[in-house]
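Participant: Contents of entry34.cif (mmCIF, C-alpha atoms) are below:
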```
data_my_file
loop_
_atom_site.label_atom_id
_atom_site.label_comp_id
_atom_site.auth_asym_id
_atom_site.auth_seq_id
_atom_site.Cartn_x
_atom_site.Cartn_y
_atom_site.Cartn_z
CA MET E 1 -27.39 85.91 -37.33
CA ASN E 2 -30.60 86.31 -39.33
CA ASN E 3 -30.54 87.77 -42.82
CA ILE E 4 -31.34 91.43 -43.33
CA THR E 5 -35.02 91.85 -44.18
CA ASN E 6 -35.66 95.61 -43.84
CA VAL E 7 -33.92 97.97 -46.26
CA LEU E 8 -34.17 101.71 -46.85
CA LEU E 9 -33.70 102.55 -50.53
CA ILE E 10 -32.57 106.13 -51.27
CA ILE E 11 -32.51 107.16 -54.93
CA ASN E 12 -31.06 110.34 -56.41
CA PHE E 13 -33.47 110.85 -59.29
CA GLU E 14 -31.33 113.73 -60.59
CA LYS E 15 -28.85 111.08 -61.73
CA ARG E 16 -29.46 109.03 -64.85
CA ILE E 17 -30.32 105.83 -63.04
CA PRO E 18 -31.97 103.36 -65.41
CA GLN E 19 -35.46 102.31 -64.39
CA THR E 20 -34.43 98.77 -65.32
CA PHE E 21 -31.74 98.86 -62.62
CA ILE E 22 -34.15 100.13 -59.95
CA SER E 23 -36.56 97.36 -60.96
CA GLU E 24 -33.82 94.70 -60.94
CA LEU E 25 -32.47 95.79 -57.55
CA SER E 26 -35.96 95.95 -56.03
CA GLY E 27 -36.71 92.49 -57.41
CA GLU E 28 -33.49 91.10 -55.94
CA LEU E 29 -34.32 92.54 -52.52
CA ASN E 30 -37.87 91.24 -52.77
CA ARG E 31 -36.68 87.73 -53.66
CA HIS E 32 -34.67 87.70 -50.44
CA GLY E 33 -37.75 88.60 -48.41
CA CYS E 34 -36.87 92.27 -47.82
CA LEU E 35 -39.35 94.98 -46.96
CA ILE E 36 -38.21 98.01 -48.98
CA SER E 37 -38.82 101.45 -47.48
CA VAL E 38 -38.46 104.68 -49.47
CA PHE E 39 -38.88 108.33 -48.55
CA GLU E 40 -42.21 109.93 -49.43
CA ASN E 41 -40.91 111.91 -52.42
CA ASP E 42 -39.20 108.85 -53.88
CA PHE E 43 -42.31 106.75 -53.28
CA ARG E 44 -44.41 108.94 -55.56
CA LYS E 45 -41.82 108.64 -58.33
CA ILE E 46 -41.42 104.88 -57.93
CA GLU E 47 -45.18 104.39 -58.05
CA LYS E 48 -45.17 105.74 -61.61
CA MET E 49 -42.66 103.06 -62.65
CA ASN E 50 -45.13 100.24 -62.01
CA ILE E 51 -42.45 98.01 -60.50
CA PRO E 52 -44.11 94.75 -59.34
CA VAL E 53 -42.75 95.11 -55.79
CA THR E 54 -44.40 96.55 -52.68
CA PHE E 55 -42.68 99.63 -51.23
CA ARG E 56 -43.30 101.26 -47.85
CA SER E 57 -43.45 105.07 -47.79
CA ILE E 58 -41.77 106.68 -44.77
CA SER E 59 -40.89 110.16 -43.54
CA CYS E 60 -37.25 111.27 -43.72
CA GLY E 61 -37.23 112.55 -40.14
CA ASN E 62 -39.08 109.61 -38.60
CA LEU E 63 -37.45 106.32 -39.60
CA PRO E 64 -38.98 103.05 -38.36
CA ASP E 65 -36.87 101.11 -35.87
CA ASP E 66 -36.84 97.99 -38.05
CA ILE E 67 -34.64 99.41 -40.85
CA GLU E 68 -31.29 97.60 -40.85
CA ILE E 69 -29.35 99.13 -43.76
CA ALA E 70 -29.73 101.90 -46.33
CA ILE E 71 -28.87 101.43 -50.01
CA VAL E 72 -28.08 104.71 -51.79
CA LEU E 73 -28.20 105.00 -55.58
CA GLY E 74 -26.21 108.03 -56.73
CA GLY E 75 -22.79 109.61 -56.43
CA ASP E 76 -20.69 110.72 -53.48
CA GLY E 77 -22.96 113.72 -52.93
CA SER E 78 -25.96 111.41 -52.61
CA ILE E 79 -24.17 109.33 -49.97
CA ILE E 80 -23.08 112.44 -48.09
CA GLY E 81 -26.65 113.76 -48.08
CA ALA E 82 -27.99 110.41 -46.89
CA ALA E 83 -25.36 110.30 -44.13
CA SER E 84 -26.58 113.63 -42.76
CA ASP E 85 -30.21 112.50 -42.93
CA ILE E 86 -29.86 109.14 -41.19
CA CYS E 87 -26.68 109.23 -39.06
CA GLU E 88 -28.70 109.73 -35.87
CA PHE E 89 -30.43 106.40 -36.53
CA ASP E 90 -27.11 104.50 -36.68
CA ILE E 91 -27.98 102.80 -39.99
CA PRO E 92 -25.11 101.45 -42.18
CA ILE E 93 -25.04 102.76 -45.77
CA LEU E 94 -24.27 100.81 -48.93
CA GLY E 95 -23.51 103.11 -51.86
CA ILE E 96 -24.06 102.04 -55.48
CA ASN E 97 -22.23 104.45 -57.75
CA PHE E 98 -24.04 106.43 -60.42
CA GLY E 99 -21.80 109.49 -60.08
CA HIS E 100 -18.43 110.54 -61.47
CA VAL E 101 -15.81 109.47 -58.92
CA GLY E 102 -17.85 107.31 -56.56
CA TYR E 103 -15.14 107.45 -53.91
CA LEU E 104 -17.55 106.60 -51.07
CA ALA E 105 -19.64 104.07 -52.97
CA GLU E 106 -18.83 100.39 -52.53
CA LEU E 107 -20.55 98.93 -55.60
CA GLU E 108 -20.95 99.78 -59.26
CA GLU E 109 -24.04 99.17 -61.36
CA THR E 110 -22.66 95.81 -62.53
CA ASP E 111 -22.20 94.51 -58.95
CA ILE E 112 -25.86 93.80 -58.21
CA SER E 113 -25.10 90.11 -57.61
CA LEU E 114 -23.19 91.11 -54.46
CA ILE E 115 -26.40 92.33 -52.79
CA ALA E 116 -27.01 88.75 -51.61
CA SER E 117 -23.78 88.90 -49.58
CA VAL E 118 -24.86 92.15 -47.95
CA LEU E 119 -28.20 90.66 -46.91
CA LYS E 120 -26.31 87.78 -45.27
CA HIS E 121 -24.29 90.26 -43.16
CA ASP E 122 -21.16 89.33 -45.12
CA PHE E 123 -19.58 92.78 -44.89
CA ILE E 124 -17.50 95.02 -42.66
CA ILE E 125 -18.34 98.49 -41.34
CA ASP E 126 -16.14 101.46 -42.16
CA GLU E 127 -16.92 104.16 -39.58
CA ARG E 128 -16.30 107.78 -40.55
CA MET E 129 -15.95 110.87 -38.38
CA MET E 130 -18.44 113.71 -38.78
CA LEU E 131 -18.27 117.38 -37.78
CA GLU E 132 -20.88 119.84 -36.58
CA ALA E 133 -20.97 123.60 -36.30
CA GLU E 134 -22.66 126.07 -33.98
CA ILE E 135 -23.20 129.65 -35.13
CA ILE E 136 -23.32 132.02 -32.16
CA ARG E 137 -24.97 135.30 -33.12
CA ARG E 138 -23.86 138.58 -31.60
CA ASP E 139 -27.25 138.81 -29.84
CA GLY E 140 -26.51 135.54 -28.01
CA SER E 141 -28.80 133.30 -30.09
CA ASN E 142 -27.34 130.27 -31.81
CA ILE E 143 -27.90 127.96 -34.78
CA ALA E 144 -26.81 124.32 -34.77
CA SER E 145 -25.80 122.75 -38.08
CA PRO E 146 -26.62 119.23 -39.23
CA PRO E 147 -23.67 116.81 -39.02
CA ALA E 148 -21.16 117.01 -41.90
CA LEU E 149 -19.42 113.96 -43.33
CA ASN E 150 -17.15 115.93 -45.69
CA ASP E 151 -16.54 119.49 -44.58
CA ILE E 152 -17.72 122.76 -43.11
CA VAL E 153 -16.68 125.74 -45.25
CA LEU E 154 -16.47 129.46 -44.53
CA SER E 155 -16.64 131.43 -47.78
CA ASN E 156 -17.71 134.73 -49.24
CA GLY E 157 -20.82 135.46 -51.26
CA PRO E 158 -21.37 135.95 -55.00
CA VAL E 159 -18.68 138.65 -55.28
CA ALA E 160 -15.13 137.29 -54.86
CA ARG E 161 -13.12 139.10 -52.17
CA LEU E 162 -10.68 138.31 -49.41
CA LEU E 163 -11.96 137.61 -45.93
CA ASN E 164 -10.19 138.55 -42.72
CA PHE E 165 -10.86 136.13 -39.89
CA ASP E 166 -9.22 134.79 -36.75
CA LEU E 167 -8.85 131.03 -36.32
CA HIS E 168 -8.61 129.58 -32.81
CA CYS E 169 -8.11 125.96 -31.75
CA ASP E 170 -8.85 125.03 -28.13
CA GLY E 171 -8.73 128.72 -27.21
CA ILE E 172 -5.33 129.31 -28.82
CA LEU E 173 -4.93 131.64 -31.82
CA VAL E 174 -3.71 129.52 -34.73
CA GLN E 175 -3.76 132.04 -37.56
CA LYS E 176 -4.96 135.48 -38.49
CA CYS E 177 -6.17 134.59 -41.96
CA ARG E 178 -6.65 136.68 -45.05
CA SER E 179 -8.04 134.38 -47.71
CA ASP E 180 -11.12 133.48 -49.72
CA GLY E 181 -12.29 131.33 -46.83
CA LEU E 182 -11.53 128.22 -44.80
CA ILE E 183 -12.31 124.51 -45.21
CA VAL E 184 -12.63 122.40 -42.08
CA ALA E 185 -12.50 118.86 -43.47
CA THR E 186 -12.87 115.40 -41.98
CA PRO E 187 -10.56 112.63 -43.22
CA THR E 188 -13.38 111.69 -45.61
CA GLY E 189 -13.59 115.28 -46.87
CA SER E 190 -9.81 115.59 -47.20
CA THR E 191 -10.08 114.07 -50.70
CA ALA E 192 -12.72 116.60 -51.79
CA TYR E 193 -12.70 120.43 -51.71
CA SER E 194 -9.84 120.52 -49.19
CA MET E 195 -7.56 118.53 -51.51
CA SER E 196 -8.43 120.85 -54.41
CA ALA E 197 -7.44 123.80 -52.22
CA GLY E 198 -4.02 122.25 -51.49
CA GLY E 199 -4.84 120.43 -48.27
CA PRO E 200 -3.34 117.06 -47.26
CA ILE E 201 -5.08 113.72 -47.71
CA LEU E 202 -5.92 112.00 -44.42
CA ALA E 203 -6.51 108.27 -44.07
CA PRO E 204 -10.16 107.76 -43.01
CA GLN E 205 -9.29 105.87 -39.83
CA LEU E 206 -7.40 108.88 -38.39
CA ASP E 207 -9.03 110.70 -35.49
CA ALA E 208 -8.18 114.14 -36.81
CA PHE E 209 -9.40 116.82 -39.17
CA CYS E 210 -7.82 119.45 -41.38
CA LEU E 211 -8.05 123.26 -41.53
CA THR E 212 -7.33 124.41 -45.09
CA PRO E 213 -7.31 128.11 -46.06
CA ILE E 214 -8.80 128.84 -49.50
CA CYS E 215 -6.40 130.85 -51.69
CA PRO E 216 -4.56 132.46 -48.74
CA HIS E 217 -3.00 135.87 -49.35
CA SER E 218 -0.05 135.06 -47.08
CA LEU E 219 2.53 132.29 -47.30
CA ASN E 220 2.14 131.89 -43.53
CA ASN E 221 -1.45 130.64 -43.86
CA ARG E 222 -1.01 126.92 -44.45
CA PRO E 223 -3.20 123.83 -43.85
CA VAL E 224 -3.14 122.54 -40.27
CA ILE E 225 -4.12 119.06 -39.05
CA VAL E 226 -5.61 118.98 -35.55
CA PRO E 227 -6.67 116.10 -33.24
CA GLY E 228 -10.25 114.89 -33.41
CA GLU E 229 -11.13 116.26 -29.97
CA SER E 230 -10.11 119.81 -30.96
CA LYS E 231 -12.60 122.65 -30.71
CA ILE E 232 -12.33 125.24 -33.47
CA GLU E 233 -13.62 128.80 -33.32
CA ILE E 234 -13.71 131.24 -36.24
CA SER E 235 -14.52 134.92 -35.97
CA VAL E 236 -14.73 137.16 -39.01
CA ALA E 237 -12.52 140.16 -38.27
CA GLU E 238 -14.01 142.63 -40.75
CA ASN E 239 -17.41 144.26 -40.76
CA VAL E 240 -19.89 142.04 -42.63
CA THR E 241 -23.07 143.80 -43.68
CA ASP E 242 -26.36 142.47 -44.98
CA ASN E 243 -25.53 143.73 -48.46
CA ILE E 244 -25.50 140.75 -50.82
CA ASP E 245 -22.10 141.80 -52.17
CA ASN E 246 -20.62 141.60 -48.67
CA SER E 247 -22.16 138.34 -47.56
CA VAL E 248 -20.30 135.53 -45.82
CA PHE E 249 -21.64 132.00 -45.46
CA VAL E 250 -20.90 128.77 -43.66
CA SER E 251 -21.86 125.76 -45.79
CA ILE E 252 -22.34 122.25 -44.43
CA ASP E 253 -21.31 119.52 -46.89
CA GLY E 254 -22.27 121.87 -49.73
CA HIS E 255 -25.97 121.51 -48.87
CA THR E 256 -26.92 123.79 -45.96
CA ALA E 257 -25.77 127.43 -46.11
CA ILE E 258 -25.92 129.73 -43.07
CA LYS E 259 -25.31 133.47 -43.50
CA ILE E 260 -22.75 135.00 -41.14
CA GLY E 261 -23.04 138.55 -39.82
CA PHE E 262 -20.63 140.92 -38.09
CA GLY E 263 -19.92 139.78 -34.55
CA ASP E 264 -20.96 136.16 -35.15
CA ARG E 265 -18.71 133.29 -34.12
CA ILE E 266 -18.50 129.80 -35.63
CA LYS E 267 -17.66 126.88 -33.37
CA ILE E 268 -16.77 123.56 -35.03
CA GLU E 269 -16.06 120.22 -33.37
CA ARG E 270 -16.37 116.49 -33.86
CA SER E 271 -19.96 115.28 -33.94
CA SER E 272 -21.23 112.57 -31.63
CA PHE E 273 -22.67 110.90 -34.75
CA ARG E 274 -20.63 108.78 -37.14
CA THR E 275 -21.34 107.55 -40.65
CA LYS E 276 -21.21 103.78 -41.12
CA LEU E 277 -20.30 102.66 -44.64
CA ILE E 278 -20.75 99.05 -45.74
CA ARG E 279 -17.61 97.53 -47.28
CA LEU E 280 -17.54 94.25 -49.21
CA LYS E 281 -14.42 94.27 -51.33
CA ASN E 282 -11.94 94.94 -48.52
CA ASN E 283 -9.94 97.36 -50.66
CA SER E 284 -7.35 99.37 -48.77
CA PHE E 285 -7.65 103.14 -48.57
CA LEU E 286 -4.54 103.62 -50.69
CA SER E 287 -5.71 101.27 -53.44
CA VAL E 288 -9.10 103.05 -53.63
CA LEU E 289 -7.30 106.39 -53.65
CA ASN E 290 -5.15 105.25 -56.55
CA SER E 291 -8.05 103.87 -58.60
CA LYS E 292 -10.50 106.72 -57.99
CA LEU E 293 -8.26 109.78 -57.99
#
```
Let me see whether you can do it: turn the structure in this file into structure tokens.
Facilitator:
Amino acid sequence: MNNITNVLLIINFEKRIPQTFISELSGELNRHGCLISVFENDFRKIEKMNIPVTFRSISCGNLPDDIEIAIVLGGDGSIIGAASDICEFDIPILGINFGHVGYLAELEETDISLIASVLKHDFIIDERMMLEAEIIRRDGSNIASPPALNDIVLSNGPVARLLNFDLHCDGILVQKCRSDGLIVATPTGSTAYSMSAGGPILAPQLDAFCLTPICPHSLNNRPVIVPGESKIEISVAENVTDNIDNSVFVSIDGHTAIKIGFGDRIKIERSSFRTKLIRLKNNSFLSVLNSKL
């Protein structure tokens, strides 16, 4: 198997990533004969750094076929955002942690010497389930969400209040909920917002996802784990107006927010896309859980 020679570099410039590290990483990739692609916005910022390496500027929605892996510099949120952007291109992601927890990242800043192993294909792929939502408006129109690696969340707007909504799974009523909202989390997302809301932690290899009410007003509203092929439908049972104080939203991985109106339905199911994470250290899920959380 030939070495990897085409790499997409994704940098979260909102993080305090030293320019010296970007330069060192780019130099390491260049020494191994890699063509380094970056998104247009990143390209303009990198140009100002005067790094003695040639970068190729590409569009986020139109990736060249020759890209073999993506290297993401940032925290878990950066990796989650990259997963949504490139999952349709089936490109494995290597995360280098510059965030707080770095649960999804494989390497730390001091692990740059391990890049050589990655370029030699000396790694395994950790595939992660993703979810997607469809918002069906009361007029029959619909909005499709981007794929979510972590979670899809129903929540209220800027004014805290309880929501009344019905939760169905495969056409069967699961709960009539009265809570601040609902988190539909993948196994990956089970260690994020869902865990904070009292949901269970799921091992990433499980083909299942979790439905976690947010601050439920009833002891009967508890988290539920459903099989991966399940089809979820949520309908808000109270009148939701366009007044900002009465707004309800569906958020996708904390990035995309879609406003929900009275009579709208939210359908959530497993996405056909999966996120591929590059793993080098062969740490077990439980050992990573213990060290990170």
Participant: Which residues, written as an MDAnalysis selection string, have at least one atom at most 12 Å from Phe13 in chain E, with only C-alpha atoms counted and residues fewer than 4 positions away on the same chain left out?
Facilitator: chainID E and resid 17:19 22 41:46 72:75 78 98:99
Participant: Report as a VMD selection string the residues that result from applying the PyMOL selection byres ((chain E and resi 105-108) around 10) to the structure here.
Facilitator: chain E and resid 72 to 76 78 to 79 93 to 99 101 to 104 109 to 112 114 to 115 277 to 283
Participant: For the atom pair CA of Ile266 in chain E and CA of Cys60 in chain E, what is the interatomic distance in Å to one decimal place?
Facilitator: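 One can read the CA of Ile266 in chain E to CA of Cys60 in chain E distance as 27.6 Å.
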Participant: In terms of the shortest atom-to-atom distance over all atoms listed in the file, which of E:Ile4, E:Ile10, E:Cys34, E:Leu163 is closest to Ile86 in chain E?
Facilitator: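 Between E:Ile4, E:Ile10, E:Cys34, E:Leu163, the residue approaching Ile86 in chain E most closely is E:Ile10.
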Participant: Range 120-134 of chain E: which residues within 7 Å, counting all atoms listed in the file, same-chain residues fewer than 3 positions away excluded, as a VMD selection string?
Facilitator: chain E and resid 3 to 4 116 to 117 142 to 149 186 204 266 to 271 273 to 280
Participant: Could you write out as a PyMOL selection string the residues that the PyMOL selection byres ((chain E and resi 59) around 10) matches in the shown file?
Facilitator: chain E and resi 37-41+57-58+60-64
Participant: Between CA of Glu229 in chain E and CA of Asn156 in chain E, what distance in Å does the model show, to one decimal?
Facilitator: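 Calculated distance between CA of Glu229 in chain E and CA of Asn156 in chain E is 27.5 Å.
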Participant: Using all atoms listed in the file, which of the listed residues (E:Ser113, E:Thr54, E:Asn12, E:Ser194) sits closest to Asn30 in chain E?
Facilitator: E:Thr54
Participant: Interatomic distance between CA of Ser23 in chain E and CA of Ile91 in chain E?
Facilitator: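 Pair CA of Ser23 in chain E / CA of Ile91 in chain E returns 23.3 Å.
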